[in-house]
$ cat work-v4.txt   # compact mmCIF, C-alpha atoms
# COMPACT_ATOMS: atom_id res chain seq x y z
CA MET A 1 65.54 22.19 -111.52
CA SER A 2 64.18 25.36 -109.94
CA PHE A 3 65.45 28.73 -111.05
CA PHE A 4 66.35 29.42 -107.43
CA GLN A 5 68.46 26.28 -107.24
CA MET A 6 70.71 27.37 -110.06
CA SER A 7 74.29 27.49 -108.95
CA THR A 8 75.22 30.57 -110.93
CA PRO A 9 73.43 33.58 -112.39
CA VAL A 10 74.49 32.47 -115.87
CA ALA A 11 72.88 29.07 -115.40
CA ALA A 12 69.76 30.75 -114.10
CA ARG A 13 69.62 33.06 -117.12
CA ARG A 14 69.94 30.10 -119.46
CA LEU A 15 67.10 28.34 -117.71
CA PHE A 16 64.95 31.44 -117.82
CA LEU A 17 65.61 32.08 -121.49
CA GLY A 18 65.10 28.46 -122.37
CA ARG A 19 61.70 28.40 -120.77
CA SER A 20 60.50 31.90 -121.61
CA GLY A 21 60.47 31.05 -125.30
CA GLY A 22 57.57 28.73 -124.65
CA LEU A 23 55.57 31.22 -122.67
CA VAL A 24 52.96 33.48 -124.10
CA LEU A 25 51.83 36.87 -122.89
CA SER A 26 49.07 36.51 -120.37
CA SER A 27 46.05 35.83 -122.50
CA ALA A 28 43.87 37.06 -119.68
CA ALA A 29 45.47 40.49 -119.72
CA VAL A 30 45.15 40.81 -123.46
CA ALA A 31 41.57 39.63 -123.44
CA LEU A 32 40.81 42.11 -120.72
CA LEU A 33 41.74 45.01 -122.88
CA ALA A 34 42.11 44.16 -126.53
CA GLY A 35 38.68 42.67 -126.96
CA ASN A 36 36.83 44.64 -124.36
CA ASP A 37 34.52 46.96 -126.23
CA ALA A 38 32.77 47.83 -122.99
CA LEU A 39 35.75 50.06 -122.31
CA ALA A 40 34.63 52.38 -125.04
CA ALA A 41 31.25 52.78 -123.42
CA LYS A 42 32.74 54.36 -120.32
CA THR A 43 32.57 58.09 -120.40
CA GLY A 44 33.33 61.12 -118.33
CA ASN A 45 35.95 62.06 -115.79
CA SER A 46 36.70 58.50 -114.79
CA ARG A 47 37.55 57.59 -118.38
CA ASP A 48 39.73 60.68 -118.78
CA ALA A 49 41.53 59.85 -115.54
CA ASP A 50 42.09 56.28 -116.72
CA VAL A 51 43.52 57.58 -120.00
CA GLN A 52 45.95 59.76 -118.05
CA ILE A 53 47.10 56.83 -115.91
CA LEU A 54 47.59 54.69 -119.01
CA ASN A 55 49.50 57.44 -120.78
CA THR A 56 51.84 57.91 -117.82
CA ALA A 57 52.45 54.16 -117.90
CA ILE A 58 53.09 54.26 -121.66
CA GLY A 59 55.59 57.06 -121.15
CA ALA A 60 57.52 54.97 -118.62
CA GLU A 61 57.32 51.86 -120.82
CA LEU A 62 58.69 53.80 -123.80
CA GLU A 63 61.60 54.94 -121.65
CA ALA A 64 62.25 51.36 -120.63
CA ILE A 65 62.35 50.31 -124.29
CA ALA A 66 64.85 53.08 -125.00
CA ALA A 67 66.92 52.10 -121.94
CA TYR A 68 67.14 48.48 -123.08
CA GLN A 69 68.09 49.72 -126.54
CA LEU A 70 70.90 51.72 -124.99
CA GLY A 71 72.06 48.61 -123.15
CA ALA A 72 71.76 46.43 -126.24
CA GLN A 73 73.83 48.83 -128.33
CA SER A 74 76.42 49.44 -125.64
CA LYS A 75 78.55 46.45 -126.72
CA LEU A 76 78.98 45.78 -123.02
CA LEU A 77 76.62 42.81 -122.90
CA SER A 78 77.57 39.18 -123.37
CA LYS A 79 75.30 37.10 -125.59
CA PRO A 80 73.11 35.62 -122.82
CA VAL A 81 72.62 39.01 -121.19
CA LEU A 82 71.95 40.66 -124.52
CA ASP A 83 69.30 38.03 -125.23
CA LEU A 84 67.80 38.70 -121.83
CA ALA A 85 67.74 42.46 -122.43
CA LEU A 86 66.07 42.03 -125.81
CA THR A 87 63.51 39.64 -124.35
CA PHE A 88 62.57 42.15 -121.67
CA GLN A 89 62.55 44.99 -124.18
CA GLY A 90 60.12 42.90 -126.21
CA HIS A 91 57.83 42.62 -123.19
CA HIS A 92 57.85 46.39 -122.77
CA LYS A 93 56.98 46.79 -126.45
CA GLU A 94 54.03 44.45 -125.93
CA HIS A 95 52.95 46.51 -122.92
CA VAL A 96 53.06 49.69 -125.00
CA ALA A 97 51.08 48.12 -127.82
CA LEU A 98 48.37 46.94 -125.45
CA LEU A 99 48.21 50.13 -123.39
CA SER A 100 48.17 52.32 -126.49
CA SER A 101 45.35 50.39 -128.11
CA THR A 102 43.44 50.66 -124.84
CA VAL A 103 43.90 54.43 -124.74
CA GLU A 104 42.52 54.58 -128.25
CA LYS A 105 39.54 52.41 -127.30
CA LEU A 106 38.85 54.88 -124.52
CA GLY A 107 38.85 57.72 -127.03
CA GLY A 108 42.22 59.10 -125.98
CA LYS A 109 45.48 59.71 -127.76
CA PRO A 110 48.40 57.56 -126.63
CA VAL A 111 51.68 59.29 -125.97
CA VAL A 112 54.51 58.46 -128.34
CA ALA A 113 58.22 57.97 -127.83
CA LYS A 114 60.36 61.04 -127.36
CA GLY A 115 63.00 61.81 -129.94
CA ASN A 116 65.65 61.68 -127.28
CA TYR A 117 66.06 60.20 -123.80
CA ASN A 118 68.61 61.33 -121.27
CA PHE A 119 70.15 58.29 -119.65
CA PRO A 120 73.39 58.21 -117.67
CA ALA A 121 75.22 56.55 -120.55
CA ASP A 122 78.58 57.83 -119.34
CA GLN A 123 78.11 55.86 -116.11
CA LEU A 124 77.54 52.55 -117.91
CA LYS A 125 81.01 51.11 -118.26
CA SER A 126 80.44 47.40 -117.77
CA GLU A 127 77.82 44.69 -118.13
CA LEU A 128 77.22 44.90 -114.40
CA ASP A 129 76.53 48.65 -114.66
CA VAL A 130 73.94 47.99 -117.39
CA LEU A 131 72.29 45.22 -115.38
CA LYS A 132 72.12 47.41 -112.26
CA PHE A 133 70.67 50.29 -114.26
CA ALA A 134 68.03 48.03 -115.79
CA ALA A 135 67.23 46.45 -112.42
CA GLN A 136 66.68 49.86 -110.86
CA LEU A 137 64.31 50.87 -113.65
CA GLU A 138 62.38 47.63 -113.34
CA GLN A 139 62.08 48.02 -109.58
CA GLY A 140 60.80 51.55 -110.13
CA ALA A 141 58.32 50.21 -112.67
CA VAL A 142 56.94 47.76 -110.12
CA SER A 143 56.42 50.62 -107.67
CA ALA A 144 54.87 52.81 -110.36
CA TYR A 145 52.34 50.14 -111.35
CA LEU A 146 51.66 49.39 -107.71
CA GLY A 147 50.85 53.07 -107.26
CA ALA A 148 48.62 53.07 -110.33
CA VAL A 149 46.60 49.89 -109.79
CA PRO A 150 44.29 51.37 -107.11
CA LEU A 151 43.61 54.52 -109.13
CA PHE A 152 41.78 53.15 -112.15
CA GLY A 153 38.08 53.81 -112.34
CA ASN A 154 37.71 50.67 -114.43
CA ARG A 155 38.69 47.59 -112.45
CA ASP A 156 39.52 45.67 -115.62
CA LEU A 157 42.31 48.16 -116.16
CA SER A 158 43.54 47.61 -112.61
CA LYS A 159 43.69 43.89 -113.31
CA ALA A 160 45.59 44.40 -116.55
CA ALA A 161 48.01 46.81 -114.85
CA ALA A 162 48.57 44.23 -112.12
CA SER A 163 49.37 41.68 -114.82
CA ILE A 164 52.02 44.02 -116.22
CA LEU A 165 53.29 44.66 -112.68
CA GLY A 166 53.88 40.95 -112.31
CA ASP A 167 55.95 40.93 -115.49
CA GLU A 168 58.05 43.90 -114.31
CA ALA A 169 58.62 42.16 -110.98
CA MET A 170 59.88 39.07 -112.78
CA HIS A 171 62.25 41.25 -114.81
CA TRP A 172 63.55 42.80 -111.62
CA ALA A 173 64.08 39.44 -109.94
CA VAL A 174 65.90 37.93 -112.93
CA LEU A 175 68.12 41.00 -113.28
CA ARG A 176 68.96 40.82 -109.58
CA GLN A 177 69.83 37.17 -110.01
CA ALA A 178 72.05 38.05 -112.97
CA ILE A 179 73.77 40.71 -110.87
CA GLY A 180 74.36 38.18 -108.12
CA ASP A 181 71.92 39.68 -105.62
CA ALA A 182 69.14 37.81 -103.90
CA PRO A 183 66.48 37.70 -106.63
CA VAL A 184 63.56 38.26 -104.32
CA PRO A 185 64.78 40.26 -101.34
CA LEU A 186 61.40 41.20 -99.90
CA ALA A 187 58.06 39.61 -99.13
CA PHE A 188 56.27 42.80 -100.12
CA MET A 189 56.81 45.52 -102.70
CA SER A 190 56.10 49.17 -102.13
CA MET B 191 37.43 56.29 -57.88
CA SER B 192 35.82 59.72 -57.96
CA LEU B 193 34.88 61.35 -61.20
CA ARG B 194 37.61 63.99 -60.73
CA ARG B 195 40.30 61.38 -60.04
CA ARG B 196 39.15 59.36 -63.02
CA ALA B 197 39.37 62.44 -65.24
CA LEU B 198 42.87 63.22 -63.94
CA ALA B 199 43.98 59.65 -64.55
CA LEU B 200 42.65 59.77 -68.09
CA ALA B 201 44.38 63.10 -68.73
CA TRP B 202 47.65 61.70 -67.37
CA PHE B 203 47.30 58.59 -69.54
CA ALA B 204 46.51 60.67 -72.62
CA ALA B 205 49.51 62.91 -71.98
CA GLY B 206 51.70 59.85 -71.58
CA VAL B 207 50.47 58.33 -74.82
CA SER B 208 50.94 61.62 -76.63
CA THR B 209 54.49 62.03 -75.32
CA ALA B 210 55.31 58.43 -76.16
CA SER B 211 53.98 58.90 -79.71
CA PHE B 212 56.03 62.04 -80.15
CA ALA B 213 59.13 60.40 -78.76
CA ALA B 214 58.64 57.36 -81.04
CA GLN B 215 58.70 59.48 -84.20
CA PRO B 216 62.27 59.23 -85.46
CA ALA B 217 64.08 62.13 -87.06
CA PRO B 218 63.92 62.14 -90.87
CA ASP B 219 66.55 59.79 -92.28
CA ALA B 220 67.87 60.85 -95.68
CA GLY B 221 69.73 57.54 -96.04
CA ARG B 222 66.52 55.60 -95.68
CA GLY B 223 64.90 58.15 -97.98
CA GLU B 224 67.46 57.35 -100.67
CA GLN B 225 66.40 53.70 -100.49
CA LEU B 226 62.76 54.73 -100.75
CA TYR B 227 63.57 56.90 -103.78
CA VAL B 228 63.79 53.74 -105.90
CA ARG B 229 60.00 53.89 -105.93
CA CYS B 230 60.31 57.08 -107.97
CA VAL B 231 62.92 56.07 -110.53
CA ALA B 232 60.59 54.61 -113.13
CA CYS B 233 59.59 58.21 -113.84
CA HIS B 234 62.05 60.57 -112.12
CA ALA B 235 65.75 61.30 -111.99
CA MET B 236 67.68 63.95 -110.14
CA THR B 237 69.40 65.64 -113.05
CA THR B 238 67.22 64.92 -116.07
CA ASP B 239 63.59 65.25 -117.06
CA ARG B 240 61.95 61.91 -117.73
CA VAL B 241 58.28 60.93 -117.49
CA GLY B 242 58.39 63.29 -114.52
CA PRO B 243 60.48 66.41 -114.12
CA ARG B 244 63.99 66.45 -112.65
CA HIS B 245 64.35 66.73 -108.91
CA CYS B 246 67.45 68.89 -108.84
CA GLY B 247 66.43 72.24 -107.41
CA LEU B 248 63.08 70.91 -106.27
CA ILE B 249 62.96 72.64 -102.89
CA GLY B 250 61.78 76.20 -103.36
CA ARG B 251 60.73 75.60 -106.95
CA ARG B 252 57.27 76.55 -108.13
CA ALA B 253 55.32 73.49 -109.29
CA GLY B 254 55.10 73.22 -113.06
CA SER B 255 58.06 75.52 -113.70
CA VAL B 256 60.88 73.39 -115.13
CA ALA B 257 61.44 74.89 -118.56
CA GLY B 258 60.58 72.55 -121.42
CA PHE B 259 58.83 69.94 -119.31
CA ASP B 260 55.32 69.03 -120.44
CA TYR B 261 53.29 69.46 -117.25
CA SER B 262 49.59 68.92 -116.86
CA PRO B 263 47.54 72.12 -116.84
CA ALA B 264 46.51 71.18 -113.30
CA MET B 265 50.09 71.18 -112.04
CA LYS B 266 50.89 74.44 -113.81
CA LYS B 267 47.92 76.09 -112.18
CA SER B 268 48.40 74.54 -108.74
CA GLY B 269 50.28 77.51 -107.29
CA ILE B 270 52.33 75.11 -105.17
CA VAL B 271 55.87 75.96 -104.14
CA TRP B 272 57.71 72.80 -103.14
CA ASN B 273 58.85 72.65 -99.54
CA GLU B 274 58.67 70.06 -96.77
CA LYS B 275 55.05 70.82 -96.02
CA THR B 276 53.74 70.91 -99.59
CA LEU B 277 55.73 67.81 -100.57
CA ASP B 278 54.41 65.93 -97.57
CA ARG B 279 50.86 66.81 -98.50
CA PHE B 280 51.30 66.06 -102.20
CA LEU B 281 53.13 62.78 -101.70
CA SER B 282 50.43 61.52 -99.36
CA LYS B 283 47.86 61.62 -102.19
CA PRO B 284 49.08 63.26 -105.42
CA LEU B 285 45.78 63.08 -107.28
CA GLY B 286 43.86 64.25 -104.23
CA VAL B 287 46.03 67.35 -103.89
CA VAL B 288 46.38 68.15 -107.60
CA PRO B 289 43.51 66.48 -109.47
CA GLY B 290 44.58 66.07 -113.08
CA THR B 291 48.29 65.72 -112.36
CA LYS B 292 50.18 63.37 -114.63
CA MET B 293 51.72 61.83 -111.53
CA THR B 294 49.20 59.02 -111.46
CA TYR B 295 50.54 57.42 -108.32
CA ASP B 296 48.47 56.53 -105.31
CA GLY B 297 50.92 58.11 -102.90
CA VAL B 298 53.20 57.31 -99.99
CA PRO B 299 50.87 56.51 -97.11
CA GLU B 300 53.36 56.32 -94.23
CA ALA B 301 54.32 59.68 -92.69
CA ARG B 302 57.75 58.35 -91.75
CA ASP B 303 58.42 57.23 -95.34
CA ARG B 304 57.40 60.64 -96.65
CA GLY B 305 59.58 62.38 -94.10
CA ASP B 306 62.61 60.29 -95.02
CA LEU B 307 61.96 60.69 -98.74
CA ILE B 308 61.66 64.45 -98.38
CA ALA B 309 64.86 64.55 -96.29
CA TYR B 310 66.64 62.76 -99.14
CA LEU B 311 65.10 65.02 -101.77
CA LYS B 312 66.16 68.09 -99.78
CA SER B 313 69.68 66.82 -99.49
CA ALA B 314 70.15 65.41 -102.99
CA SER B 315 68.27 68.07 -104.94
CA SER B 316 70.71 70.72 -103.80
CA GLY B 317 73.76 68.46 -103.62
CA ALA B 318 76.87 68.17 -105.71
CA ALA B 319 75.27 65.85 -108.26
CA CYS B 320 72.86 68.61 -109.18
CA GLY B 321 75.64 71.16 -109.56
CA LEU B 322 74.72 73.65 -112.19
CA VAL B 323 71.97 71.65 -113.84
CA GLN B 324 69.93 74.07 -115.87
CA GLY B 325 66.62 74.84 -114.26
CA ASN B 326 67.57 73.82 -110.76
CA LEU B 327 67.27 77.32 -109.43
CA PRO B 328 64.08 79.26 -108.87
CA ALA B 329 63.38 81.60 -111.77
CA SER B 330 64.12 84.61 -109.56
CA GLU B 331 67.68 83.40 -109.00
CA ARG B 332 68.59 82.56 -112.59

$ encode --input "work-v4.txt" --output "structure tokens"
Amino acid sequence: MSFFQMSTPVAARRLFLGRSGGLVLSSAAVALLAGNDALAAKTGNSRDADVQILNTAIGAELEAIAAYQLGAQSKLLSKPVLDLALTFQGHHKEHVALLSSTVEKLGGKPVVAKGNYNFPADQLKSELDVLKFAAQLEQGAVSAYLGAVPLFGNRDLSKAAASILGDEAMHWAVLRQAIGDAPVPLAFMS
Amino acid sequence: MSLRRRALALAWFAAGVSTASFAAQPAPDAGRGEQLYVRCVACHAMTTDRVGPRHCGLIGRRAGSVAGFDYSPAMKKSGIVWNEKTLDRFLSKPLGVVPGTKMTYDGVPEARDRGDLIAYLKSASSGAACGLVQGNLPASER
């Protein structure tokens, strides 16, 4: 049965979680970066600019990890939603690992997590609040990656960023479904 | 048609097109701008510094001046003071206006979107939610 034919958000989440366990991170994206020694050969302003774009992305990914941690520890989440949050947090951790290793390959220094993040914790009073907060961050992440993809000097990095963008968009759609909103409200993202 | 008449007709047509274009440009819509602001929330918030600096107190603030925020040297040296005009220019192509900025975002290409976004930023960055958030006033007023 299609995810979109699920009668309830809970059923949809179960389906998603059941299937996502069998999925693997896009091997193409990993191969693009992790094994691409040609990256290291790039020099100059373009490389420095690419490092900056990657570091901005890492900064946002680290915030997302911290935000999901906040949600996971809030004791507001039911088991299926908690599992969902931890799954998505795991994806963000994978993004950070890949982006950070790429920055290093380019001769840069990846940014690290801040000691403290300021989230509106006092406004998160229910599971729905947490889901809406996470959905908003994921939607913002899609826009951020969309705004970064055209900027890379190295087109392999654009492709990898687009791969991550796709993952963030799936997070957003699933969270919207869990909230009870139309999972894919638009034909285009901006 | 004589050359003069043809020129007059062209001028009339051009004036009509120009007026129609002007009339078609809607007034900035802060409500629509709030919806567009979701594009910014992976990195920005009104009241807190995140990957990007807080937006409370943005209008009238010197770029690179929120205390404690780790700006790029390029932004610190930009000399920009944020207002409708400078925001419109920056948001159209951030890296083109401030090469080296950490805001590695391609920009908001549509003038109407920028206008609505700026209308929202103007309204929200000085609104009740910002209150007395530290750093939301220009240094000269603290």

$ residues_around --input "work-v4.txt" --residues "Leu311 (chain B)" --least-positions-apart "6" --cutoff "10 Å" --atoms "all atoms listed in the file" --output "ChimeraX atom specification"
/B:220,223-224,227,236,245-249,274,277,305,317

$ interface_residues --input "work-v4.txt" --of "chain A" --to "chain B" --cutoff "6 Å" --atoms "all atoms listed in the file" --output "list in words"
Ile53, Gly59, Leu137, Gly140, Ala141, Ser143, Gly147 and Ala148 of chain A

$ atom_distance --input "work-v4.txt" --atom1 "CA of Gly254 (chain B)" --atom2 "CA of Val287 (chain B)"
14.2 Å

$ atom_distance --input "work-v4.txt" --atom1 "CA of Met170 (chain A)" --atom2 "CA of Leu54 (chain A)"
20.8 Å

$ atom_distance --input "work-v4.txt" --atom1 "CA of Ala319 (chain B)" --atom2 "CA of Pro243 (chain B)"
15.9 Å

$ residues_around --input "work-v4.txt" --residues "region 45-52 of chain A" --least-positions-apart "5" --cutoff "6 Å" --atoms "only C-alpha atoms" --output "PDB file with C-alpha atoms, in the frame of the given file"
ATOM      1  CA  VAL A 103      43.900  54.430-124.740  1.00  0.00           C
ATOM      2  CA  PHE A 152      41.780  53.150-112.150  1.00  0.00           C
ATOM      3  CA  GLY A 153      38.080  53.810-112.340  1.00  0.00           C
TER       4      GLY A 153
END

$ residues_around --input "work-v4.txt" --residues "region 116-131 of chain A" --least-positions-apart "5" --cutoff "9 Å" --atoms "all atoms listed in the file" --output "PDB file with C-alpha atoms, in the frame of the given file"
ATOM      1  CA  GLU A  63      61.600  54.940-121.650  1.00  0.00           C
ATOM      2  CA  ALA A  66      64.850  53.080-125.000  1.00  0.00           C
ATOM      3  CA  ALA A  67      66.920  52.100-121.940  1.00  0.00           C
ATOM      4  CA  TYR A  68      67.140  48.480-123.080  1.00  0.00           C
ATOM      5  CA  LEU A  70      70.900  51.720-124.990  1.00  0.00           C
ATOM      6  CA  GLY A  71      72.060  48.610-123.150  1.00  0.00           C
ATOM      7  CA  SER A  74      76.420  49.440-125.640  1.00  0.00           C
ATOM      8  CA  LYS A  75      78.550  46.450-126.720  1.00  0.00           C
ATOM      9  CA  LEU A  76      78.980  45.780-123.020  1.00  0.00           C
ATOM     10  CA  LEU A  77      76.620  42.810-122.900  1.00  0.00           C
ATOM     11  CA  SER A  78      77.570  39.180-123.370  1.00  0.00           C
ATOM     12  CA  VAL A  81      72.620  39.010-121.190  1.00  0.00           C
ATOM     13  CA  ALA A  85      67.740  42.460-122.430  1.00  0.00           C
ATOM     14  CA  GLN A 136      66.680  49.860-110.860  1.00  0.00           C
ATOM     15  CA  LEU A 175      68.120  41.000-113.280  1.00  0.00           C
ATOM     16  CA  ARG A 176      68.960  40.820-109.580  1.00  0.00           C
ATOM     17  CA  ALA A 178      72.050  38.050-112.970  1.00  0.00           C
ATOM     18  CA  ILE A 179      73.770  40.710-110.870  1.00  0.00           C
TER      19      ILE A 179
ATOM     20  CA  THR B 238      67.220  64.920-116.070  1.00  0.00           C
ATOM     21  CA  ASP B 239      63.590  65.250-117.060  1.00  0.00           C
ATOM     22  CA  ARG B 240      61.950  61.910-117.730  1.00  0.00           C
TER      23      ARG B 240
END

$ closest_residue --input "work-v4.txt" --among "B:Ala264, B:Ala253, B:Val271, B:Ala301" --to "Gln215 (chain B)" --atoms "all atoms listed in the file"
B:Ala301

$ residues_near_point --input "work-v4.txt" --point "(53.1, 63.7, -97.9)" --cutoff "12 Å" --atoms "all atoms listed in the file" --output "ChimeraX atom specification"
/B:272-287,296-309

$ residues_around --input "work-v4.txt" --residues "Ala173 (chain A)" --least-positions-apart "2" --cutoff "10 Å" --atoms "only C-alpha atoms" --output "JSON, numbers by chain"
{"A": [135, 138, 139, 167, 168, 169, 170, 171, 175, 176, 177, 178, 179, 181, 182, 183, 184, 185]}
